[in-house]
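Worksheet: one structure, shown below.
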There are 2 protein chains.
Amino acid sequence: MSLKHSLLVLLADNPATGYDLSQQFKGSVGFFWNASHQQVYKELKQMTEAGWLACDTQAQTERPDKKIYSVTQAGQAALQAWLSQAAKPHKYKDAFLIKLYGGRHIPRPALVKELDEHIAHHKKTLHKLLEIESEYHALSHSQQKKFELPYLTLKLGISNERNWLDWAQETREALNA
Amino acid sequence: MSLKHSLLVLLADNPATGYDLSQQFKGSVGFFWNASHQQVYKELKQMTEAGWLACDTQAQTERPDKKIYSVTQAGQAALQAWLSQAAKPHKYKDAFLIKLYGGRHIPRPALVKELDEHIAHHKKTLHKLLEIESEYHALSHSQQKKFELPYLTLKLGISNERNWLDWAQETREALNA
DNA sequence: TCCAACATGTAACATGTTACATGATTCA
DNA sequence: TGAATCATGTAACATGTTACATGTTGGA
């Protein structure tokens, strides 16, 4: 159920379109949740039918109409209900680690090559997160206060990526030894 | 598709029952993949129908018969095919971080309380992983060599948990400030 | 002239979760 | 006497992925 609740949290800050929300999942929010645009549109439809969201359609001549969603009182209540229950501990799933675990079935160089690809990807992610962090640091104190909690999640993202990269470096050496 | 491939990797090491495999997901393997027992039995059935697994039924008088699965040649081929393609980068999903991100909707003490619960859970996980690590260290050199790759995944699990706990401690202080 | 960004979806399929179901053994 | 472990599943439901579908604008 958490996609619905992620959307509620995002929409509680700012009414937005399905497209906007999908973009947020590609940015910093994507560090802890994400979904394809198809899935987002599907959920928004369901949530609107359930009365959690109101939809304001803005006609556009040259592009598909924009549908701006905002949280209703029922949506607020649903969010509160969800927030008041403890979240289940997060479960990590990483296909690359299965490969590494069963690495004896693949030639070493192939394993190292794939590790390198993942390293490149994680470096890119880290840079993106660090950019977002420097934008945060450039804000005024009052603005920083406003984004205090999102910033805490960003910090986990950053240290997670750093930790992963450190491990990957060691692992790379171990594989080549 | 990765549950099927996790099962192939595990079964390539040792033929096992659905129950055994489910138990492995509760142990160290659970750090990077997991599934409910229902899901495991479902997949084993499908994989057997697809010819990837052979099933040897051991009759037991007092308990349900044990079904011991092993990888067939077709299963080996499927595993190889999967291993030869790059895995997609892992996507992190953590409902607690959504809550933290949208933490302004909850009273601070409630947020801290839930953080504490997660801290307790992560500490437990870390201890479990450290226990497995000390079992590994107690092995002979030749045995250690055999479990070299699984050990690398374990090391990521351990540093990940430590990193999470460090972040959680800082976050706890920031929330109480 | 082609690619990325904007903006929305449907349909088919794959995967995962929750509730229910059975029943013996062993340890506290 | 009650809970945990062993051992297997079915059925209903929820969620997520992949392929397909449409069409404009603005920049390299």
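Chain labels follow the order of the structure tokens: the first chain is A, the next B, and so on; residue numbering restarts at 1 in every chain, and ligands are counted from 1 in their shown order.
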
Next on the checklist: Env of Ser6 in chain B: 8 Å cut, atoms = only C-alpha atoms (C1' of nucleotides), seq-sep filter 4 positions within chain, self excluded. Answer as a PyMOL selection string.
Outcome noted: (chain A and resi 98) or (chain B and resi 2+10+33)

Sorted per-residue table, chain D near chain B, closest atoms and distance, 12 Å, only C-alpha atoms (C1' of nucleotides), as a Markdown table:
| residue | atom | partner | partner_atom | distance |
| --- | --- | --- | --- | --- |
| D:DT5 | C1' | B:Tyr19 | CA | 11.0 |
| D:DC6 | C1' | B:Arg63 | CA | 7.7 |
| D:DA7 | C1' | B:Pro64 | CA | 5.4 |
| D:DT8 | C1' | B:Pro64 | CA | 6.2 |
| D:DG9 | C1' | B:Gln38 | CA | 7.5 |
| D:DT10 | C1' | B:Gln38 | CA | 9.6 |
| D:DA11 | C1' | B:Gln38 | CA | 11.7 |
| D:DT17 | C1' | B:Met1 | CA | 10.7 |

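Interatomic distance, CA of Leu149 in chain B to CA of Gly102 in chain A: 7.4 Å.
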
Next on the checklist: Which residues are close to Val40 in chain A, i.e. within 12 Å by only C-alpha atoms (C1' of nucleotides), leaving aside same-chain residues fewer than 2 positions away? Reply as a VMD selection string.
Outcome noted: (chain A and resid 2 to 8 16 to 25 33 to 38 42 to 47 69) or (chain C and resid 8 to 9) or (chain D and resid 15 to 16)

Writer output for current selection, C-alpha atoms (C1' of nucleotides), as a PDB file, in the first residue's frame:
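Printed below is selection_33.pdb as written:
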ATOM      1  CA  SER A   2       2.909   2.368   0.337  1.00  0.00           C
ATOM      2  CA  LEU A   3       2.815   3.851  -3.136  1.00  0.00           C
ATOM      3  CA  LYS A   4      -0.566   5.360  -2.291  1.00  0.00           C
ATOM      4  CA  HIS A   5       0.872   6.782   0.889  1.00  0.00           C
ATOM      5  CA  SER A   6       3.962   8.159  -0.808  1.00  0.00           C
ATOM      6  CA  LEU A   7       1.675   9.955  -3.217  1.00  0.00           C
ATOM      7  CA  LEU A   8      -0.395  11.306  -0.341  1.00  0.00           C
ATOM      8  CA  ALA A  16       0.621  17.946  -8.661  1.00  0.00           C
ATOM      9  CA  THR A  17       0.052  15.965 -11.843  1.00  0.00           C
ATOM     10  CA  GLY A  18       0.886  12.321 -12.384  1.00  0.00           C
ATOM     11  CA  TYR A  19       3.762  13.450 -14.503  1.00  0.00           C
ATOM     12  CA  ASP A  20       5.153  15.693 -11.758  1.00  0.00           C
ATOM     13  CA  LEU A  21       4.944  12.869  -9.253  1.00  0.00           C
ATOM     14  CA  SER A  22       6.718  10.475 -11.590  1.00  0.00           C
ATOM     15  CA  GLN A  23       9.488  13.037 -11.973  1.00  0.00           C
ATOM     16  CA  GLN A  24       9.865  13.260  -8.211  1.00  0.00           C
ATOM     17  CA  PHE A  25      10.431   9.516  -8.121  1.00  0.00           C
ATOM     18  CA  TRP A  33      10.426   4.991  -3.164  1.00  0.00           C
ATOM     19  CA  ASN A  34       9.669   4.849  -6.845  1.00  0.00           C
ATOM     20  CA  ALA A  35       7.181   3.706  -9.418  1.00  0.00           C
ATOM     21  CA  SER A  36       6.705   3.807 -13.162  1.00  0.00           C
ATOM     22  CA  HIS A  37       4.458   6.491 -14.625  1.00  0.00           C
ATOM     23  CA  GLN A  38       1.902   3.839 -15.574  1.00  0.00           C
ATOM     24  CA  LYS A  42      -3.252   3.818 -12.068  1.00  0.00           C
ATOM     25  CA  GLU A  43      -2.953   4.607  -8.370  1.00  0.00           C
ATOM     26  CA  LEU A  44      -4.085   8.214  -8.807  1.00  0.00           C
ATOM     27  CA  LYS A  45      -7.216   6.948 -10.537  1.00  0.00           C
ATOM     28  CA  GLN A  46      -7.938   4.478  -7.734  1.00  0.00           C
ATOM     29  CA  MET A  47      -7.267   7.068  -5.052  1.00  0.00           C
ATOM     30  CA  TYR A  69      -4.501  16.226  -8.000  1.00  0.00           C
TER      31      TYR A  69
ATOM     32  C1'  DT C   8      -1.649  10.935 -20.615  1.00  0.00           C
ATOM     33  C1'  DG C   9      -3.127   6.400 -20.573  1.00  0.00           C
TER      34       DG C   9
ATOM     35  C1'  DT D  15       0.806  -4.582  -6.704  1.00  0.00           C
ATOM     36  C1'  DG D  16       4.187  -3.940 -10.297  1.00  0.00           C
TER      37       DG D  16
END

Using only C-alpha atoms (C1' of nucleotides), what does the table of chain C residues within 12 Å of chain A look like, with each row giving the shortest atom pair and its distance in Å to one decimal, sorted by chain and ascending number, as JSON lines?
{"residue": "C:DA5", "atom": "C1'", "partner": "A:Tyr19", "partner_atom": "CA", "distance": 11.0}
{"residue": "C:DC6", "atom": "C1'", "partner": "A:Arg63", "partner_atom": "CA", "distance": 7.8}
{"residue": "C:DA7", "atom": "C1'", "partner": "A:Pro64", "partner_atom": "CA", "distance": 5.4}
{"residue": "C:DT8", "atom": "C1'", "partner": "A:Pro64", "partner_atom": "CA", "distance": 6.2}
{"residue": "C:DG9", "atom": "C1'", "partner": "A:Gln38", "partner_atom": "CA", "distance": 7.5}
{"residue": "C:DT10", "atom": "C1'", "partner": "A:Gln38", "partner_atom": "CA", "distance": 9.6}
{"residue": "C:DA11", "atom": "C1'", "partner": "A:Gln38", "partner_atom": "CA", "distance": 11.8}
{"residue": "C:DT17", "atom": "C1'", "partner": "A:Met1", "partner_atom": "CA", "distance": 10.6}

Next on the checklist: Quick check: residues of chain A within 6 Å of chain B, only C-alpha atoms, returned as a ChimeraX atom specification.
Outcome noted: /A:9,32-33,87,90,92-94,96,101-102,149-150
